[in-house]
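The block underneath contains the structure these notes are about, expressed in structure tokens.
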Amino acid sequence: MFRHLCLHHPHPQHIRWIPALANEPLPAYARRLLDQLEPTAEPPILVGLSFGGMVAQEVAKLIPVKKVILLSSLRCGPDLPWYYRLAGALRLHQWLPFGVLRKWQRPLDWAFGAKTEEDRRLLKTIVLETELPFLRWALHQILYWQQPQPNPNYVSIHGDRDKILPLRLHPNTLVVKGGEHLMLLNRAPEVSALLNQWL
């Protein structure tokens with residue numbers, strides 16, 4: 001997802017997703033990710049995309065950070081749209097047939113804003129390679145995220161046409177006009193420029 005970004009940072013570290021344990025709370029998952037962080041001379045800047053932005057904020061509760069940069073993500077639980085909260089209350093994520101739903105490529109392309117053949121191919125790869133237990137676990141964490149207030153040291157970069165997590169304007173929000181959820185791929189120069197203001 002980050003392949004087209006041009007970042008002015010000498011040593012970016014990529015934190016890899018790891019399998020979630022059964023019924024593992026998000027703070028515990030974030031703590032296990034700390035093993036991948038290499039020691040740095042000063043507090044790191046964390047960058048997280050979508051669900052990764054939520055995970056980055058959980059990591060920021062465990063270590064000192066200079067900044068948390070959220071890309072197409074949520075600042076806090078109350079930012080979750082009402083229809084997601086309703087889905088959580090009905091526990092739809094526990095019984096929906098994701099194995100079938102994730103094969104509906106055209107609706108997924110529309111929802112995520114996959115415009116080019118490369119975007120569509122990458123989205124399909126991500127969707128098909130994400131294991132269903134992890135997908136259900138991640139959706140559960142999103143729907144029941146216990147974060148009443150945003151991290152005080154955050155900045156949000158968000159597209160104003162994001163259909164997955166619609167834009168909510170706040171003082172620390174940088175808006176990409178026309179940007180959708182996959183704007184890292186098809187609006188990479190603009191996103192890179194905004195990121196580099198903080199790097």
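Identifiers in the structure tokens: chain A, B, ... in order shown; residue index from 1 per chain; ligand index from 1 in order shown.
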Problem set entry | Shell of 8 Å around segment 110-120 of chain A, only C-alpha atoms, local chain residues under 4 positions omitted, as a PyMOL selection string | chain A and resi 106+124+162-164+180-183+185-186
Exercise. Within 6 Å of segment 59-73 of chain A, counting only C-alpha atoms, which residues qualify if same-chain residues fewer than 5 places away don't, as a ChimeraX atom specification?
Worked result: /A:30,43-50,53,153-158,181
Written selection (C-alpha atoms) as a PDB file, in the first residue's frame:
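selection32.pdb written:
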ATOM      1  CA  ALA A  30      -0.173  -3.707  19.821  1.00  0.00           C
ATOM      2  CA  PRO A  43      10.884   8.953  19.772  1.00  0.00           C
ATOM      3  CA  PRO A  44       9.518   7.611  16.478  1.00  0.00           C
ATOM      4  CA  ILE A  45       6.819   8.997  14.223  1.00  0.00           C
ATOM      5  CA  LEU A  46       4.148   6.337  13.745  1.00  0.00           C
ATOM      6  CA  VAL A  47       2.197   6.206  10.491  1.00  0.00           C
ATOM      7  CA  GLY A  48      -0.870   3.997  10.183  1.00  0.00           C
ATOM      8  CA  LEU A  49      -3.283   3.385   7.323  1.00  0.00           C
ATOM      9  CA  SER A  50      -6.953   2.609   8.017  1.00  0.00           C
ATOM     10  CA  GLY A  53      -3.930   3.927  12.267  1.00  0.00           C
ATOM     11  CA  ASN A 153      -0.246  14.040  19.399  1.00  0.00           C
ATOM     12  CA  TYR A 154      -1.915  13.051  16.138  1.00  0.00           C
ATOM     13  CA  VAL A 155      -2.415  14.472  12.664  1.00  0.00           C
ATOM     14  CA  SER A 156      -4.914  12.990  10.208  1.00  0.00           C
ATOM     15  CA  ILE A 157      -4.596  12.856   6.415  1.00  0.00           C
ATOM     16  CA  HIS A 158      -7.949  11.954   4.889  1.00  0.00           C
ATOM     17  CA  HIS A 181      -9.687   5.153   0.858  1.00  0.00           C
TER      18      HIS A 181
END
For this session: Per DSSP on the backbone, filter segment 30-188 of chain A down to the residues in helix (DSSP H, G or I) and report them as a ChimeraX atom specification.
Result: /A:30-36,51-60,77-79,82-89,92-94,98-101,105-112,117-129,132-143,183-186,188
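Comparing A:His93, A:Arg168, A:Val175, A:Phe2 by their smallest distance to Pro81 of chain A, the closest is A:Arg168 (using only C-alpha atoms).
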Exercise. In terms of the shortest atom-to-atom distance over only C-alpha atoms, which of A:Pro12, A:Ala41, A:Glu58, A:Arg31 is closest to Gln146 of chain A?
Worked result: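 The closest residue to Gln146 of chain A is A:Glu58.
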For this session: Rank A:Gly88, A:Pro78, A:Pro189, A:Pro19 by their smallest atom-to-atom distance to His140 of chain A, using only C-alpha atoms, and report the top residue only.
Result: A:Gly88
